[in-house]
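Asks: My questions will all concern the structure given below.
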Number of protein chains: 2
Amino acid sequence: MTEKRVSDYIAQFLADKEVRHIFGIVGAGNAQTFDAITRLGFTEIICVHHEQAAVMAAIAYYRITGKVSVALLTTGGGSANGVTGVVNAWMDSMPVVVISGNENSRFTSPENRLRIWGVQGYDSPYMVGKVTKWSERLMVPEKILNVISKAYSIASEPRTGPVWIDIPMNVQGAWVNPDTLEPGVSRMPNIEVNLENRPAGVMDCKDGVSAMQKMLSPSHRPVLWLGHGIRLAGAADRVRPLVEALQIPTLVSWQACDILDSDHPFCFGRAGVYGQRAANFVLQNCDALICIGTRLAVPQVGYDLTEFARAAQIAMVDVDLEELLKHGHRIQIPIWSDAGRFIDTLLSQIKEPFSCPDWLKQCERYRQRYPVVGKEHADMQDESGISYINSYPFMQNLERYFHDDQIVVTDMGTALLAGHQVLRFKTGQRMLTSTGLGEMGFGLPGAIGAALGAGREVLCLNCDGGMMLNLQELQTIAHHNLPIKIIIFNNDGYLMIKHTQKALFAGRYSGTDRRSGVSCPDFSKLAYAFGFPSFQIRTWEEMQSVMPKVQAVQGPVICEVFTHPEQPFVPKLSLVPQKDGSIISPPLEDLSPLLPRAEMRENMLIGLHQKSSGLEIGTLD
Amino acid sequence: MTEKRVSDYIAQFLADKEVRHIFGIVGAGNAQTFDAITRLGFTEIICVHHEQAAVMAAIAYYRITGKVSVALLTTGGGSANGVTGVVNAWMDSMPVVVISGNENSRFTSPENRLRIWGVQGYDSPYMVGKVTKWSERLMVPEKILNVISKAYSIASEPRTGPVWIDIPMNVQGAWVNPDTLEPGVSRMPNIEVNLENRPAGVMDCKDGVSAMQKMLSPSHRPVLWLGHGIRLAGAADRVRPLVEALQIPTLVSWQACDILDSDHPFCFGRAGVYGQRAANFVLQNCDALICIGTRLAVPQVGYDLTEFARAAQIAMVDVDLEELLKHGHRIQIPIWSDAGRFIDTLLSQIKEPFSCPDWLKQCERYRQRYPVVGKEHADMQDESGISYINSYPFMQNLERYFHDDQIVVTDMGTALLAGHQVLRFKTGQRMLTSTGLGEMGFGLPGAIGAALGAGREVLCLNCDGGMMLNLQELQTIAHHNLPIKIIIFNNDGYLMIKHTQKALFAGRYSGTDRRSGVSCPDFSKLAYAFGFPSFQIRTWEEMQSVMPKVQAVQGPVICEVFTHPEQPFVPKLSLVPQKDGSIISPPLEDLSPLLPRAEMRENMLIGLHQKSSGLEIGTLD
């Protein structure tokens, strides 16, 4: 066999793994690998315009394809630019392999105490050391196959997550004799799940299934809560069998909102701080809660753990021991297991459905009584009498334009909140965003990665504020003429922070809207600059007339939706000021706008929480 | 005294330091501090549209004002986005204080092994640990004044550089009784310069001045090389007195290209890999080299240290011991000192000018013989016969439009290379860029920071590729109607990397131009979208007619200059392929396009280098 360069081994590895697209920007530090990949001709490098977008697009590419994805960065600023995407991948368990370039290896020793390693170089693996599963610098060319295959394996073993491989430019270009090449690894031993050494009380999959069934057996009001860990475990296809085998009320996390048909009779929606009212009642009244692959984050469980599902025993299945232990004794049955293995084991043991007809009827009553879009989502007028459509009913109407295999990618703000509270998904449809880091700017590169991964149209729900942080990617979309329909909710700035400033600073705005120091461009003019058609929606009539036109566009298109600059995000778990000046933080079921106390009493089978019973309603609007 | 919040102490500290502008984006993690600063009303927060731009603008703000500058970031993505700017500040010794937000302090212990600290939180001080002088999380509210004053002091003590203060959101909002407040520090002991413990051979300022003078005394061809460390030391105003006291040929580094009038009779330009020919001959023929505040980086000294100024003894003055030691014995007189103190000491001891009339005449001959713009900078045609103007003579013509107090900020590529090779500066004019990290995208936020720091017009030299990485900042410019004139050199992609691909990969382009996968938008249309007037220059006639119009615009304006997509960056130290297939890397004086050998022999007073004498010219064009 003839010698090949390190960069050729990288190119070949990507081809062997059938990686069709990777994302990056060429520079002196990765030109060698760009060349090798282009010469081999299998993998297409999608050239974005900021490296953060390369990593974010790779994240979305994984979310759609289920395959480890890759970003190829250059030295210096090129690698530093990728960091935000890496933190996203770390928090959301995304197996992304980042390959960064660096200066010549004679400069890249950690002992080099100069502020610059040669030209533009610095210690990027150290920088991402705490936000990756593995970060390593390849110094020995012969190890390339070993290192890149290890990177792949580590990224994709549970708990999945990003890895960072730094390859000095001369190492990328180094020749390697195949005889001296260290072999690749096919699968790494899982470095995280070590059941032998588990803390007392933490169960393995088998014991966990038994304990969970024991917990379930005397229950009257059980609830199943499903999270993204199931998809990460490759078990999304077993969700429906599980739900139909158990036949108990089921909730889904935001990240898993597309894992079960939203209209499935056992699916009761999404609970949390920005939860659906019905879902929160289901959650808060249950007496047995089974959480699979969802990490029970603050936005899911609220601010006081003692108030969360307070009548319930909780079983939690997670592959990350730290997640399992973080709520301490509140989790009576912590099960350290891959979600897929747990579901399979459980499925194999369920003999007949659990029977809880009254509870199911009650859950159905919640659902009927509290549709996700309600009177709190009425249109609003500004001081000059201009009326704005509300983003919540807008989302509800938007669903009508979904394809059967619709992919929706959201940015933050309105797109995130109204999107996740309202939009329903059928099997085959997908919704994705950045859930953990929740960084503004994910929308556009997320849509790019998703569109390339799926090879079909993506609906990108964005906001004026969030558009700005990856604005340059409109050009990547234009260059590839990607079928991405961008809906921009324009609410003059950062609406979530405006609400914070209303709540905490008596409405003093600072850096949140045009008058307080920040503004966004005219997105229709921007659309023109990038060669996209553009539309604007200000009324329901315009929505009706415009949306079919948006749908008819084949390539990229921008549609701006103007909403009230102060439209509330409701329902929401909010602080409630009292007449005596005190502020009460109610339990998770007691969302604002507050319901009449009598209605709350009716809904709370476990009894009204003490904090709720004394609440004065409407002391502040 | 009444209690104040931590955020109020921050606001007051900024006012006490008379900080007029800081840069940031509001979020949940810094809303408290935004509010406090806005309430106090002294400091204006310039709301950018990406946190990298906040840090980069702060860098330029420091470069212009000479005062420690500040960026105010939020939690999560908001802080991760700032990292590239921090690496820039680290490499270029910029005293920027970054204040980042984080989750509630109950989550932010380094022992927290969860991937997410609460909502969006992570260990940002760890991340920037190796690219800051100090990174710290403030956990005790009473320490706020102590920590922020310490941050200021550490940033501004030599070797200056960035610091990162992470303040959990609840700590920002915590009340502090003034009686329990820890006092601030006025000045930290310098943690870096410890002359007591200096390695053998390293001199202090006093001994260094003597040794340098001893080196100078028998010299026939001395050269002074001045760097940005002089400005960092606050000694820029003593450069001219020094040069006129010594009266020896003087070179300036790129970062210090504005520190001495380019037309000063003793100023012989800028040497290096992309050096001016005359400057490189001056450097390479000297027999005594005195480097003050310049770190002798690879782009300055070339690839082989034994060829660099090979007939010279070298004295190097640096405040960073690591820089002083990095070239080992090649630096015969390493002087560990602040550049300002060294210059003052030296000035106090110079009794009369050094006399080297023949050498000065020879240097003048180099300058006459090799003007910075020469025949290698002729206009070029493409295949279809379209003629393009060359960016080097363009720069020369551009000077004519400079104001006496012109500020020029450059991005990378053409703006950096042609800009630094050609543009001359008079006292009072400024030129700045990112020299160490050299990240694409610095231009726009750099211009924003400079325009606000100076309160006057800035000329931003940019390129199509580099514009993209902070494209969103056009809106910040628009919002504040900043007087920034943006010249965009449009060469269809990444011209520097195209040249790399020509040299290394037989001209195979990948990800460098429209045909190979990357394109940029129509910047005139973009200008329209942001409300700027725009102009285009394709010919010398258009330059003549358009530039006065560009000058006449009061607010922001974009002017696109179309250059040949393959225009060389010359002169440049290049690899030279030989007929026998070998490749020769010539010494620093032997720039390409290569001069006739006889001419080289004439110029090299120290004799032609062996590698140069055997070079075949024109085997590859």
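We name chains A, B, ... following the order of the structure tokens; residues begin at 1 in each chain, and ligands are numbered from 1 as shown.
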Residues near region 592-598 of chain A, anyone? I mean within 12 Å using only C-alpha atoms, not counting same-chain ones fewer than 6 positions away, as an MDAnalysis selection string.
Replies: chainID A and resid 273:277 369:370 374:377 568:577 585:586 604 607:621
Asks: Excluding Val119 (chain A) and any residue of its chain fewer than 4 positions from it, enumerate the residues within 9 Å of it, using only C-alpha atoms, and give them as a PDB file with C-alpha atoms, in the first residue's frame.
Replies:
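And here's part_34.pdb as it stands now:
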ATOM      1  CA  THR A  75      -6.593  27.477  13.680  1.00  0.00           C
ATOM      2  CA  GLY A  76      -7.059  30.405  16.031  1.00  0.00           C
ATOM      3  CA  GLU A 103      -0.121  25.713  14.333  1.00  0.00           C
ATOM      4  CA  ASN A 104       2.798  23.451  13.469  1.00  0.00           C
TER       5      ASN A 104
ATOM      6  CA  ALA B 297       6.976  36.785  15.795  1.00  0.00           C
ATOM      7  CA  VAL B 298       7.212  34.336  12.917  1.00  0.00           C
ATOM      8  CA  PRO B 299       5.690  36.825  10.430  1.00  0.00           C
ATOM      9  CA  GLY B 436      -1.967  38.060  17.036  1.00  0.00           C
ATOM     10  CA  LEU B 437      -5.136  36.065  16.538  1.00  0.00           C
ATOM     11  CA  GLY B 438      -5.858  37.671  13.201  1.00  0.00           C
TER      12      GLY B 438
END
Asks: Env of Gln362 (chain B): 9 Å cut, atoms = only C-alpha atoms, seq-sep filter 5 positions within chain, self excluded. Answer as a list in words.
Replies: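 The contact residues come out as Val282, Pro357, Arg367 and Asn603 of chain B.
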Asks: Please produce a file of those selected residues containing C-alpha atoms, as a compact mmCIF listing (two decimals), in the first residue's frame.
Replies:
# COMPACT_ATOMS: atom_id res chain seq x y z
CA VAL B 282 17.61 47.25 6.15
CA PRO B 357 25.92 58.42 7.67
CA ARG B 367 13.95 53.01 -0.03
CA ASN B 603 21.93 44.99 -1.94
Asks: Separation of CA of Gly428 (chain A) and CA of Asp405 (chain A), in Å?
Replies: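 If I compute the distance from CA of Gly428 (chain A) to CA of Asp405 (chain A), I get 5.1 Å.
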Asks: Excluding Val458 (chain A) and its own-chain neighbours fewer than 4 positions away, which residues fall within 8 Å of it when counting only C-alpha atoms? Please give them as JSON, numbers by chain.
Replies: {"A": [406, 407, 408, 409, 447, 450, 451, 483, 484, 485]}
Asks: Just list as a PyMOL selection string whatever in region 367-616 of chain A DSSP marks as strand (DSSP E).
Replies: chain A and resi 380-381+387-388+407-410+430-432+458-463+484-490+534-537+557-562+576-577+583-584
Asks: Would you kindly return, as a PDB file with C-alpha atoms, in the first residue's frame, each protein, DNA or RNA residue with an atom no farther than 10 Å from any atom of Asp492 (chain A), considering only C-alpha atoms and excluding same-chain residues fewer than 2 positions away?
Replies:
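The new file around_4.pdb reads:
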ATOM      1  CA  CYS A 463     -37.200  36.031  16.040  1.00  0.00           C
ATOM      2  CA  ASP A 464     -35.794  39.434  15.202  1.00  0.00           C
ATOM      3  CA  GLY A 465     -33.288  39.244  18.050  1.00  0.00           C
ATOM      4  CA  PHE A 489     -41.472  36.868  14.826  1.00  0.00           C
ATOM      5  CA  ASN A 490     -40.729  40.557  15.063  1.00  0.00           C
ATOM      6  CA  TYR A 494     -35.698  40.749  23.206  1.00  0.00           C
ATOM      7  CA  LEU A 495     -39.216  40.033  24.456  1.00  0.00           C
ATOM      8  CA  THR A 512     -34.135  45.314  24.958  1.00  0.00           C
ATOM      9  CA  ASP A 513     -35.877  47.427  22.323  1.00  0.00           C
ATOM     10  CA  ARG A 514     -35.275  50.226  19.868  1.00  0.00           C
ATOM     11  CA  ARG A 515     -35.881  52.932  22.430  1.00  0.00           C
ATOM     12  CA  VAL A 518     -31.038  47.890  20.368  1.00  0.00           C
ATOM     13  CA  SER A 519     -32.767  47.502  17.045  1.00  0.00           C
ATOM     14  CA  CYS A 520     -32.940  45.048  14.188  1.00  0.00           C
ATOM     15  CA  PHE A 562     -45.276  41.311  13.544  1.00  0.00           C
ATOM     16  CA  THR A 563     -46.418  40.661  17.077  1.00  0.00           C
ATOM     17  CA  HIS A 564     -47.055  43.022  19.956  1.00  0.00           C
ATOM     18  CA  PRO A 565     -43.730  44.273  21.428  1.00  0.00           C
ATOM     19  CA  GLU A 566     -44.961  43.350  24.888  1.00  0.00           C
TER      20      GLU A 566
END
Asks: Which residues are close to Leu325 (chain B), i.e. within 12 Å by only C-alpha atoms, leaving aside same-chain residues fewer than 2 positions away? Reply as a ChimeraX atom specification.
Replies: /A:112-114 /B:198-203,295-296,315-323,327-336
Asks: Could you work out how far CA of Ala478 (chain A) lies from CA of Phe535 (chain A), giving the answer in Å with one decimal?
Replies: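 Atom-to-atom, CA of Phe535 (chain A) and CA of Ala478 (chain A) are spaced 16.9 Å apart.
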Asks: Would you list the contacts of Pro533 (chain B) as a count of residues only, taking every protein, DNA or RNA residue within 8 Å and counting only C-alpha atoms, but skipping same-chain residues closer than 6 positions in sequence?
Replies: 4
Asks: Could you check how far CA of Asn470 (chain B) sits from CA of Val96 (chain B), in Å to one decimal?
Replies: 19.4 Å
